[in-house]
Amino acid sequence: MTSSHRRLRPRPTSAPPLEDDDLLDEVLLRLSPDPSSLPRASAVCTRWRRLVSDPGFVSRFRLRHRRSPPILGCFIRDKQSPIVSFVPTMEAPNRVPAERFSLQLAGRGPITFLDCRHGLLLMFLPCWIKVLVWDPVTGDQHRLDIPPGFDTKQGIGGAVLRAAGAISHFQVVLLGRDKQVITACVYSSEAGVWGGLISTPLPNEVPVDFDFRGVPVLIGDSLHCLITGSCSGILEFDLNMGILTVIPGPVDILDAGRCQSTVMRAEDGGLGVLFKSDCNVQLWRRKIDCDGEASWVLGRTFELDTLLSLNSEDKRYTVMLGLAEYNNTVVVQTVAGHFMVQLESLQFKKMSETISSHFHQPLESVYTGETSIGGGGHNGAELLHNP
């Protein structure tokens with residue numbers, strides 16, 4: 001029999017693409033990080049629900065979208081008591097119930113928001129002389145003693161973050177000062193201990209009277225924090241090298257009178273500064289030339305009263321209350337209400353006319369359950385497991 005007459009064996013047929021669990025898993029990982037995405041996917045069929053309810057999948061989903069999370073809402077602290085309230089800002093079906101992320105700590109006294117990043121909120125508890133790391137999605141709380149030799153009486157700043165690829169472990173960076181010296185100390189949850197103190201002297205022209213202002217911003221592997229008072233500067237902490245540096249600011253960013261400023265991410269992903277005077281907002285970015293020389297370049301400017309259509313009475317009081325780092329969105333309080341303004345597109349959204357004027361800390365996080373999509377579950381939603 002010639003080869004042309006040989007019977008060819010039928011080629012095995014492969015499963016349709018969406019019947020391959022591994023391939024479907026990769027497709028589902030690319031869903032939007034909005035809170036309703038996985039509950040909606042779980043309602044398609046039993047197989048999809050099995051995949052998206054798997055704790056390993058939920059962990060990978062949160063990790064994939066860690067640097068592109070939605071703004072779920074804002075935390076508000078009470079000035080006199082250890083109460084953290086949550087104000088949701090998303091609309092149904094992505095709106096998270098306010099009570100889901102509210103927290104009341106035992107004891108008395110106020111708390112201070114230091115930072116919020118990668119779904120973790122960092123707070124300073126003066127009455128206990130501790131810092132608290134809280135994951136509002138899982139409810140986990142970690143209270144840490146202030147490291148030995150660290151002075152909190154002269155002012156304190158801090159940051160919380162997860163290393164690339166880390167799902168459960170985190171780091172805390174505390175910033176303090178003693179006269180003309182700035183001190184940093186890093187805590188690793190994996191090691192369970194604080195590292196050694198890292199210090200740097202301030203430039204001679206920087207007076208003793210200064211404070212850490214606002215929350216730090218993570219640019220690459222370095223944290224940046226504004227220091228204000230009678231000076232104009234930005235503290236840079238290289239996490240890999242463990243080096244503290246003070247960078248000159250772009251303009252006179254004294255936080256006095258009607259002026260406010262905060263560090264932010266520039267449109268190119270580098271270091272930026274937002275400077276606000278009355279209703280005028282300036283967005284600056286730090287530029288590094290081919291010779292490694294740094295300079296500040298003024299980018300976009302805009303008027304808040306024009307953008308938000310404020311009348312002459314409303315524009316008399318405009319205050320920045322918080323910044324969402326990954327979304328580059330600032331929370332602004334006016335007489336007409338609270339607004340979230342996206343600094344690149346200049347799109348804005350009105351939040352509320354009645355919430356308090358206390359400090360607002362936006363929560364950017366990937367949350368996978370307990371939204372108002374209907375069809376059972378808590379508060380009319382199906383609750384998926386959050387690791």
# chains A, B, ... in the order shown; residues from 1 in each chain; ligands from 1
$ residues_around --residues "segment 196-201 of chain A" --least-positions-apart "5" --cutoff "9 Å" --atoms "only C-alpha atoms" --output "PyMOL selection string"
chain A and resi 147+149-150+177+180-186+242-246
$ atom_distance --atom1 "atom CA of Arg143 of chain A" --atom2 "atom CA of Leu239 of chain A"
22.0 Å
$ select_by_dssp --residues "segment 152-341 of chain A" --states "strand (DSSP E)" --output "VMD selection string"
chain A and resid 156 to 161 171 to 178 181 to 188 193 to 194 198 to 201 210 to 219 222 to 229 233 to 238 243 to 248 259 to 265 271 to 277 280 to 288 294 to 303 318 to 324 329 to 334 337 to 341
$ write_last_selection --atoms "C-alpha atoms" --output "compact mmCIF listing (two decimals), in the first residue's frame"
# COMPACT_ATOMS: atom_id res chain seq x y z
CA ILE A 156 6.08 61.85 62.65
CA GLY A 157 5.52 60.74 59.08
CA GLY A 158 5.20 57.28 57.61
CA ALA A 159 4.42 55.00 54.71
CA VAL A 160 3.12 51.48 54.23
CA LEU A 161 3.64 49.31 51.16
CA GLN A 171 6.75 47.13 55.11
CA VAL A 172 6.29 50.22 57.27
CA VAL A 173 8.58 53.24 56.98
CA LEU A 174 8.52 55.72 59.85
CA LEU A 175 9.96 59.23 59.47
CA GLY A 176 10.93 61.40 62.42
CA ARG A 177 13.09 64.40 63.22
CA ASP A 178 15.37 65.68 65.92
CA VAL A 181 18.33 65.54 61.60
CA ILE A 182 15.70 63.44 59.84
CA THR A 183 15.45 59.79 60.85
CA ALA A 184 13.88 56.80 59.09
CA CYS A 185 13.24 53.26 60.28
CA VAL A 186 11.81 50.32 58.31
CA TYR A 187 9.68 47.48 59.68
CA SER A 188 9.35 44.17 57.80
CA VAL A 193 11.36 43.41 63.48
CA TRP A 194 12.37 47.03 62.93
CA ILE A 198 18.80 55.76 59.17
CA SER A 199 19.55 59.47 59.52
CA THR A 200 20.49 62.42 57.37
CA PRO A 201 21.30 66.01 58.36
CA PHE A 210 9.40 71.98 59.86
CA ASP A 211 6.90 69.15 59.65
CA PHE A 212 5.98 66.23 57.39
CA ARG A 213 2.99 67.20 55.31
CA GLY A 214 0.51 64.93 53.55
CA VAL A 215 1.06 61.30 52.62
CA PRO A 216 4.21 60.07 50.84
CA VAL A 217 4.22 59.07 47.19
CA LEU A 218 6.03 55.99 45.90
CA ILE A 219 7.99 56.70 42.70
CA SER A 222 11.78 55.63 46.45
CA LEU A 223 9.31 57.28 48.80
CA HIS A 224 8.86 61.05 48.59
CA CYS A 225 7.39 63.18 51.35
CA LEU A 226 6.87 66.93 51.55
CA ILE A 227 8.47 68.72 54.48
CA THR A 228 7.04 72.10 55.27
CA GLY A 229 7.24 74.82 57.86
CA GLY A 233 11.84 70.64 50.36
CA ILE A 234 11.00 67.05 49.53
CA LEU A 235 12.38 64.10 51.45
CA GLU A 236 13.41 61.17 49.25
CA PHE A 237 14.00 57.75 50.82
CA ASP A 238 15.54 55.10 48.56
CA ILE A 243 19.48 56.50 51.72
CA LEU A 244 17.69 59.71 52.79
CA THR A 245 18.03 62.85 50.65
CA VAL A 246 16.40 66.27 50.74
CA ILE A 247 15.41 67.57 47.28
CA PRO A 248 14.74 71.28 46.71
CA CYS A 259 -1.47 77.96 50.05
CA GLN A 260 -1.41 74.16 50.00
CA SER A 261 0.92 71.67 48.35
CA THR A 262 1.51 67.94 48.12
CA VAL A 263 3.81 65.56 46.31
CA MET A 264 2.21 63.52 43.53
CA ARG A 265 3.01 61.48 40.45
CA LEU A 271 8.00 63.03 40.79
CA GLY A 272 5.54 65.91 40.77
CA VAL A 273 4.23 68.58 43.10
CA LEU A 274 0.75 70.09 43.26
CA PHE A 275 0.73 73.70 44.48
CA LYS A 276 -2.56 75.44 45.27
CA SER A 277 -3.04 79.11 46.09
CA ASN A 280 -5.20 78.48 41.29
CA VAL A 281 -3.59 75.03 40.95
CA GLN A 282 -0.13 74.44 39.49
CA LEU A 283 1.20 70.98 38.58
CA TRP A 284 5.00 70.76 38.57
CA ARG A 285 7.20 67.87 37.48
CA ARG A 286 10.84 67.11 38.16
CA LYS A 287 12.89 66.66 35.00
CA ILE A 288 16.27 64.92 34.76
CA ALA A 294 17.46 67.92 37.87
CA SER A 295 15.14 70.86 37.36
CA TRP A 296 11.48 71.64 37.92
CA VAL A 297 9.14 72.32 35.02
CA LEU A 298 5.71 73.91 35.35
CA GLY A 299 3.13 71.84 33.55
CA ARG A 300 -0.61 72.31 33.68
CA THR A 301 -2.32 75.11 35.57
CA PHE A 302 -6.05 75.48 36.12
CA GLU A 303 -8.57 77.36 38.25
CA THR A 318 -11.43 75.51 48.80
CA VAL A 319 -9.25 73.01 50.66
CA MET A 320 -7.39 69.89 49.52
CA LEU A 321 -8.21 67.03 51.92
CA GLY A 322 -6.39 64.04 50.43
CA LEU A 323 -4.73 62.50 47.38
CA ALA A 324 -5.30 59.12 45.72
CA THR A 329 -7.01 62.22 42.11
CA VAL A 330 -7.34 64.91 44.76
CA VAL A 331 -10.21 65.36 47.20
CA VAL A 332 -11.31 69.01 47.42
CA GLN A 333 -13.71 70.56 49.90
CA THR A 334 -15.72 73.62 48.90
CA GLY A 337 -19.62 70.22 48.60
CA HIS A 338 -16.77 67.73 48.25
CA PHE A 339 -15.27 66.85 44.87
CA MET A 340 -12.77 64.33 43.51
CA VAL A 341 -10.68 65.85 40.71
$ residues_around --residues "Ile129 of chain A" --least-positions-apart "2" --cutoff "9 Å" --atoms "only C-alpha atoms" --output "list of chain:residue names"
A:Phe124, A:Leu125, A:Pro126, A:Cys127, A:Val131, A:Leu144, A:Asp145, A:Ile146, A:Thr152
$ write_last_selection --atoms "N, CA, C and O atoms" --output "compact mmCIF listing (two decimals), in the first residue's frame"
# COMPACT_ATOMS: atom_id res chain seq x y z
N PHE A 124 -1.13 56.42 63.16
CA PHE A 124 -0.36 56.63 64.39
C PHE A 124 -1.34 56.79 65.55
O PHE A 124 -2.30 57.56 65.46
N LEU A 125 -1.10 56.02 66.63
CA LEU A 125 -1.96 56.06 67.81
C LEU A 125 -1.17 56.72 68.94
O LEU A 125 -0.41 56.04 69.67
N PRO A 126 -1.28 58.03 69.11
CA PRO A 126 -0.46 58.74 70.09
C PRO A 126 -0.64 58.25 71.52
O PRO A 126 0.33 58.19 72.29
N CYS A 127 -1.86 57.89 71.89
CA CYS A 127 -2.10 57.47 73.27
C CYS A 127 -1.37 56.16 73.60
O CYS A 127 -1.02 55.91 74.76
N VAL A 131 1.99 52.39 66.07
CA VAL A 131 1.38 52.56 64.76
C VAL A 131 0.53 51.32 64.47
O VAL A 131 0.85 50.22 64.94
N LEU A 144 2.15 48.00 66.05
CA LEU A 144 3.61 47.96 66.15
C LEU A 144 4.10 49.02 67.13
O LEU A 144 3.67 50.18 67.07
N ASP A 145 4.98 48.61 68.04
CA ASP A 145 5.61 49.57 68.92
C ASP A 145 6.52 50.49 68.11
O ASP A 145 7.15 50.07 67.14
N ILE A 146 6.58 51.76 68.53
CA ILE A 146 7.53 52.67 67.91
C ILE A 146 8.94 52.16 68.19
O ILE A 146 9.25 51.76 69.32
N THR A 152 8.84 60.68 68.69
CA THR A 152 7.59 61.05 68.04
C THR A 152 7.11 62.44 68.45
O THR A 152 6.15 62.96 67.88
$ closest_atom_pairs --of "segment 142-214 of chain A" --to "segment 50-64 of chain A" --cutoff "10 Å" --atoms "only C-alpha atoms" --output "JSON lines"
{"residue": "A:Ala164", "atom": "CA", "partner": "A:Leu63", "partner_atom": "CA", "distance": 8.8}
{"residue": "A:Gly165", "atom": "CA", "partner": "A:Leu63", "partner_atom": "CA", "distance": 7.0}
{"residue": "A:Ala166", "atom": "CA", "partner": "A:Leu63", "partner_atom": "CA", "distance": 8.0}
{"residue": "A:Ile167", "atom": "CA", "partner": "A:Leu63", "partner_atom": "CA", "distance": 6.8}
{"residue": "A:Ser168", "atom": "CA", "partner": "A:Ser59", "partner_atom": "CA", "distance": 9.4}
$ write_last_selection --atoms "C-alpha atoms" --output "mmCIF file, in the first residue's frame"
data_model
loop_
_atom_site.group_PDB
_atom_site.id
_atom_site.type_symbol
_atom_site.label_atom_id
_atom_site.label_comp_id
_atom_site.auth_asym_id
_atom_site.auth_seq_id
_atom_site.Cartn_x
_atom_site.Cartn_y
_atom_site.Cartn_z
ATOM 1 C CA ALA A 164 6.449 43.607 44.306
ATOM 2 C CA GLY A 165 4.901 40.138 44.254
ATOM 3 C CA ALA A 166 4.143 40.121 47.992
ATOM 4 C CA ILE A 167 0.582 39.118 48.882
ATOM 5 C CA SER A 168 0.524 39.155 52.683
#
$ atom_distance --atom1 "atom CA of Gly220 of chain A" --atom2 "atom CA of Gly269 of chain A"
8.7 Å
$ atom_distance --atom1 "atom CA of Asp135 of chain A" --atom2 "atom CA of Gln104 of chain A"
13.9 Å
